[in-house]
$ cat input.cif   # mmCIF, C-alpha atoms
data_entry
loop_
_atom_site.label_atom_id
_atom_site.label_comp_id
_atom_site.auth_asym_id
_atom_site.auth_seq_id
_atom_site.Cartn_x
_atom_site.Cartn_y
_atom_site.Cartn_z
CA MET T 12 0.00 0.00 0.00
CA ASN T 13 1.55 3.31 -0.96
CA ILE T 14 1.94 6.15 1.53
CA ASP T 15 -0.79 8.32 -0.01
CA ILE T 16 -3.43 5.59 0.35
CA LYS T 17 -2.28 4.88 3.91
CA ASN T 18 -2.63 8.58 4.76
CA ARG T 19 -6.15 8.71 3.31
CA VAL T 20 -7.22 5.61 5.22
CA LEU T 21 -5.63 7.00 8.39
CA LEU T 22 -7.40 10.35 7.99
CA ILE T 23 -10.88 8.86 7.46
CA THR T 24 -10.29 6.29 10.20
CA SER T 25 -9.14 9.04 12.58
CA PHE T 26 -12.29 11.08 11.99
CA VAL T 27 -14.51 8.03 12.54
CA ALA T 28 -12.56 7.01 15.64
CA LEU T 29 -12.92 10.54 17.02
CA PHE T 30 -16.70 10.43 16.42
CA TRP T 31 -16.93 7.12 18.29
CA ILE T 32 -14.62 8.11 21.15
CA ILE T 33 -16.61 11.30 21.73
CA GLU T 34 -19.89 9.35 21.64
CA LEU T 35 -18.60 6.79 24.16
CA ILE T 36 -17.39 9.56 26.48
CA ASP T 37 -20.77 11.29 26.08
CA ILE T 38 -22.59 8.08 27.04
CA ALA T 39 -20.26 7.51 30.00
CA THR T 40 -20.89 11.05 31.28
CA GLY T 41 -24.67 10.98 30.96
CA ASN T 42 -25.31 12.21 27.40
CA LYS T 43 -24.65 15.88 28.11
CA PHE T 44 -22.64 16.85 25.02
CA GLY T 45 -25.73 17.87 23.03
CA ILE T 46 -25.43 21.37 24.50
CA TYR T 47 -22.29 21.82 22.39
CA GLY T 48 -24.35 21.65 19.20
CA ILE T 49 -25.49 24.61 17.14
CA LEU T 50 -28.21 26.58 18.92
CA PRO T 51 -29.37 29.04 16.25
CA ARG T 52 -29.10 32.77 16.77
CA THR T 53 -27.50 32.52 20.23
CA VAL T 54 -23.96 33.43 21.16
CA ILE T 55 -23.47 30.11 22.98
CA GLY T 56 -24.70 28.31 19.88
CA LEU T 57 -21.79 29.61 17.81
CA ARG T 58 -19.44 27.04 19.37
CA GLY T 59 -21.56 24.34 17.80
CA ILE T 60 -20.40 25.38 14.35
CA ILE T 61 -17.13 23.59 15.12
CA PHE T 62 -18.28 20.98 17.67
CA SER T 63 -21.62 19.79 16.28
CA PRO T 64 -20.29 17.34 13.64
CA PHE T 65 -18.54 15.40 16.39
CA ILE T 66 -21.58 15.05 18.67
CA HIS T 67 -24.38 12.56 18.15
CA GLN T 68 -27.67 11.87 19.90
CA ASN T 69 -26.89 8.19 20.50
CA ILE T 70 -25.15 5.15 19.03
CA TYR T 71 -27.90 4.65 16.44
CA HIS T 72 -27.48 8.24 15.20
CA LEU T 73 -23.72 7.71 14.96
CA LEU T 74 -24.16 4.40 13.12
CA LEU T 75 -26.38 6.13 10.55
CA ASN T 76 -23.62 8.69 9.95
CA THR T 77 -20.59 6.37 10.01
CA ILE T 78 -20.99 4.45 6.72
CA PRO T 79 -21.89 7.44 4.50
CA PHE T 80 -19.07 9.42 6.12
CA ILE T 81 -16.60 6.65 5.28
CA VAL T 82 -17.84 6.22 1.69
CA LEU T 83 -18.30 9.88 0.74
CA GLY T 84 -15.32 11.07 2.79
CA SER T 85 -13.12 8.47 1.09
CA LEU T 86 -14.28 9.64 -2.34
CA VAL T 87 -13.46 13.23 -1.38
CA SER T 88 -10.05 12.13 -0.07
CA LEU T 89 -9.23 10.74 -3.54
CA ARG T 90 -8.84 14.37 -4.56
CA GLY T 91 -6.08 14.75 -1.95
CA LEU T 92 -5.77 15.22 1.78
CA ASP T 93 -5.62 19.01 1.51
CA ASP T 94 -8.84 19.05 -0.52
CA PHE T 95 -10.53 16.78 2.02
CA LEU T 96 -9.52 18.99 4.94
CA GLU T 97 -10.40 22.23 3.12
CA LEU T 98 -13.83 20.91 2.10
CA SER T 99 -14.50 19.58 5.61
CA LEU T 100 -13.61 22.90 7.20
CA PHE T 101 -15.57 24.88 4.60
CA VAL T 102 -18.70 22.77 5.10
CA MET T 103 -18.38 22.92 8.88
CA LEU T 104 -18.00 26.71 8.88
CA VAL T 105 -20.32 27.76 6.04
CA GLY T 106 -22.91 25.02 6.57
CA GLY T 107 -22.76 25.49 10.33
CA ALA T 108 -23.16 29.26 10.00
CA GLY T 109 -26.17 28.62 7.77
CA VAL T 110 -27.77 26.44 10.44
CA TRP T 111 -27.00 29.06 13.05
CA LEU T 112 -28.74 31.70 10.90
CA VAL T 113 -31.83 29.79 9.72
CA GLY T 114 -32.24 26.76 11.98
CA ARG T 115 -35.08 26.04 14.36
CA PRO T 116 -34.42 26.94 18.02
CA ALA T 117 -33.05 23.53 19.01
CA TYR T 118 -29.60 21.99 19.31
CA HIS T 119 -28.40 20.74 15.92
CA ILE T 120 -25.82 17.95 16.17
CA GLY T 121 -24.27 15.18 14.09
CA ALA T 122 -21.97 14.60 11.15
CA SER T 123 -24.81 14.54 8.63
CA GLY T 124 -24.26 18.19 7.65
CA LEU T 125 -20.70 17.23 6.74
CA ILE T 126 -21.95 14.15 4.89
CA PHE T 127 -24.44 16.25 2.91
CA GLY T 128 -21.59 18.67 2.17
CA TYR T 129 -19.46 15.84 0.77
CA PHE T 130 -22.46 14.64 -1.24
CA GLY T 131 -23.17 18.14 -2.60
CA PHE T 132 -19.54 18.63 -3.53
CA LEU T 133 -19.13 15.25 -5.23
CA ALA T 134 -22.50 15.42 -6.99
CA THR T 135 -21.80 18.81 -8.55
CA ALA T 136 -18.01 18.74 -9.08
CA GLY T 137 -18.49 16.93 -12.40
CA TRP T 138 -20.76 19.70 -13.65
CA TYR T 139 -18.40 22.48 -12.65
CA GLU T 140 -15.07 20.85 -13.54
CA ARG T 141 -16.18 19.06 -16.71
CA ARG T 142 -13.47 16.44 -16.27
CA PHE T 143 -14.30 12.84 -17.13
CA SER T 144 -13.23 11.46 -13.73
CA SER T 145 -15.28 14.07 -11.86
CA ILE T 146 -18.33 13.40 -14.02
CA VAL T 147 -18.08 9.65 -13.40
CA ILE T 148 -17.78 10.17 -9.65
CA SER T 149 -20.71 12.62 -9.71
CA LEU T 150 -22.88 10.07 -11.50
CA ILE T 151 -21.87 7.26 -9.14
CA VAL T 152 -22.55 9.41 -6.08
CA LEU T 153 -25.92 10.53 -7.43
CA PHE T 154 -26.86 6.93 -8.18
CA LEU T 155 -25.75 5.54 -4.81
CA TYR T 156 -26.71 8.44 -2.54
CA GLY T 157 -29.28 10.46 -4.48
CA GLY T 158 -31.88 9.41 -1.90
CA LEU T 159 -30.12 11.68 0.57
CA LEU T 160 -31.88 14.60 -1.07
CA ARG T 161 -35.06 13.62 0.78
CA GLY T 162 -33.17 14.56 3.97
CA VAL T 163 -33.34 18.26 3.15
CA LEU T 164 -37.12 18.22 3.59
CA PRO T 165 -38.70 19.00 6.99
CA VAL T 166 -40.43 15.65 7.50
CA ARG T 167 -39.21 14.61 10.96
CA PRO T 168 -39.21 17.10 13.83
CA PHE T 169 -36.16 15.52 15.50
CA VAL T 170 -33.97 15.56 12.35
CA SER T 171 -32.01 18.69 11.47
CA TRP T 172 -33.08 19.07 7.87
CA GLU T 173 -31.59 22.56 8.16
CA GLY T 174 -28.18 21.00 8.84
CA HIS T 175 -28.63 18.71 5.84
CA LEU T 176 -29.70 21.55 3.55
CA CYS T 177 -26.99 23.97 4.70
CA GLY T 178 -24.32 21.25 4.42
CA LEU T 179 -25.51 20.40 0.91
CA ILE T 180 -25.43 24.05 -0.17
CA ALA T 181 -21.97 24.54 1.37
CA GLY T 182 -20.63 21.47 -0.45
CA MET T 183 -22.08 22.65 -3.75
CA ALA T 184 -20.63 26.14 -3.22
CA CYS T 185 -17.24 24.63 -2.48
CA ALA T 186 -17.40 22.62 -5.73
CA ARG T 187 -18.11 25.83 -7.64
CA LEU T 188 -15.33 27.74 -5.92
CA SER T 189 -12.86 24.88 -6.43
CA ALA T 190 -13.61 24.79 -10.15
CA LEU T 191 -12.78 28.51 -10.39
CA ARG T 192 -9.24 27.96 -9.06
#
$ encode --input "input.cif" --output "structure tokens"
Amino acid sequence: MNIDIKNRVLLITSFVALFWIIELIDIATGNKFGIYGILPRTVIGLRGIIFSPFIHQNIYHLLLNTIPFIVLGSLVSLRGLDDFLELSLFVMLVGGAGVWLVGRPAYHIGASGLIFGYFGFLATAGWYERRFSSIVISLIVLFLYGGLLRGVLPVRPFVSWEGHLCGLIAGMACARLSALR
């Protein structure tokens, strides 16, 4: 295995391990980390822009986020570690700020905003870049994960569709900005 592949695997594995370690600590301390999520339009809620992707409601919530994070995050990492980290930070900051601005008055937590950001980026990069490899990846992602788009609709009161929508928009914006470079 070459060094670049090892680094990509290590990066994705590190993120997933961090999600799980934080969840296990949260469980062990009485599930109190939710207050570190995004609480829209409050000063205290601003910290959630950075912390919220690492906090989950429970093991089931984390399980639902783990596989798509691994798959979509790995596809993003094929573009390079710098691109993965830049996209992740962009989606966390821009998508998180969007949730802070327009979200319902509740704590918004979970890695799904980041996952929707990866999806939005990968699904639209082919359109913006017009490179064969990007188009193929966009089509594969749309085929495999196109159902995610239902997650941007307000159908379940306990699901942060705002986080999904803002993450998606941030990922799409990042694809557009990346193509301009």
$ atom_distance --input "input.cif" --atom1 "CA of Val152 in chain T" --atom2 "CA of Leu133 in chain T"
6.8 Å
$ residues_around --input "input.cif" --residues "His72 in chain T" --least-positions-apart "5" --cutoff "9 Å" --atoms "all atoms listed in the file" --output "list in words"
His67, Thr77 and Gly121 of chain T
$ residues_around --input "input.cif" --residues "Cys185 in chain T" --least-positions-apart "4" --cutoff "12 Å" --atoms "all atoms listed in the file" --output "ChimeraX atom specification"
/T:94-95,97-106,128-136,139-140,178-181,189-192
$ resolve_selection --input "input.cif" --expression "the PyMOL selection byres ((chain T and resi 43) around 12)" --output "list in words"
Ile33, Glu34, Leu35, Ile36, Asp37, Ile38, Ala39, Thr40, Gly41, Asn42, Phe44, Gly45, Ile46, Tyr47, Gly48, Ile66, His67, Gln68, Asn69 and Tyr118 of chain T
$ atom_distance --input "input.cif" --atom1 "CA of Leu29 in chain T" --atom2 "CA of Gly59 in chain T"
16.3 Å
$ atom_distance --input "input.cif" --atom1 "CA of Asn76 in chain T" --atom2 "CA of Tyr156 in chain T"
12.9 Å
$ closest_residue --input "input.cif" --among "T:Phe154, T:Trp138, T:Trp172, T:Trp31" --to "Tyr71 in chain T" --atoms "only C-alpha atoms"
T:Trp31
$ resolve_selection --input "input.cif" --expression "the PyMOL selection byres ((chain T and resi 148) around 9)" --output "PDB file with C-alpha atoms, in the coordinates of the input"
ATOM      1  CA  LEU T  86     -14.280   9.640  -2.340  1.00  0.00           C
ATOM      2  CA  LEU T 133     -19.130  15.250  -5.230  1.00  0.00           C
ATOM      3  CA  ALA T 134     -22.500  15.420  -6.990  1.00  0.00           C
ATOM      4  CA  ALA T 136     -18.010  18.740  -9.080  1.00  0.00           C
ATOM      5  CA  GLY T 137     -18.490  16.930 -12.400  1.00  0.00           C
ATOM      6  CA  PHE T 143     -14.300  12.840 -17.130  1.00  0.00           C
ATOM      7  CA  SER T 144     -13.230  11.460 -13.730  1.00  0.00           C
ATOM      8  CA  SER T 145     -15.280  14.070 -11.860  1.00  0.00           C
ATOM      9  CA  ILE T 146     -18.330  13.400 -14.020  1.00  0.00           C
ATOM     10  CA  VAL T 147     -18.080   9.650 -13.400  1.00  0.00           C
ATOM     11  CA  SER T 149     -20.710  12.620  -9.710  1.00  0.00           C
ATOM     12  CA  LEU T 150     -22.880  10.070 -11.500  1.00  0.00           C
ATOM     13  CA  ILE T 151     -21.870   7.260  -9.140  1.00  0.00           C
ATOM     14  CA  VAL T 152     -22.550   9.410  -6.080  1.00  0.00           C
ATOM     15  CA  LEU T 153     -25.920  10.530  -7.430  1.00  0.00           C
TER      16      LEU T 153
END
$ closest_residue --input "input.cif" --among "T:Gly107, T:Val54, T:Leu92, T:Gly84" --to "Asn18 in chain T" --atoms "only C-alpha atoms"
T:Leu92
$ resolve_selection --input "input.cif" --expression "the PyMOL selection byres ((chain T and resi 49) around 7)" --output "ChimeraX atom specification"
/T:47-48,50-51,56-60,63,111,118-120
$ axis_aligned_box --input "input.cif" --around "range 141-147 of chain T" --padding-each-side "5 Å" --output "JSON"
{"center_x": -15.8, "center_y": 14.4, "center_z": -14.5, "size_x": 15.1, "size_y": 19.4, "size_z": 15.3}
$ closest_residue --input "input.cif" --among "T:Ala186, T:Val163, T:Leu89, T:Leu155" --to "Ile23 in chain T" --atoms "only C-alpha atoms"
T:Leu89
$ closest_residue --input "input.cif" --among "T:Pro168, T:Leu73, T:Gly157, T:Val110" --to "Ser123 in chain T" --atoms "all atoms listed in the file"
T:Leu73
$ residues_around --input "input.cif" --residues "Val113 in chain T" --least-positions-apart "2" --cutoff "10 Å" --atoms "only C-alpha atoms" --output "ChimeraX atom specification"
/T:51-52,108-111,115-116,173-174,177
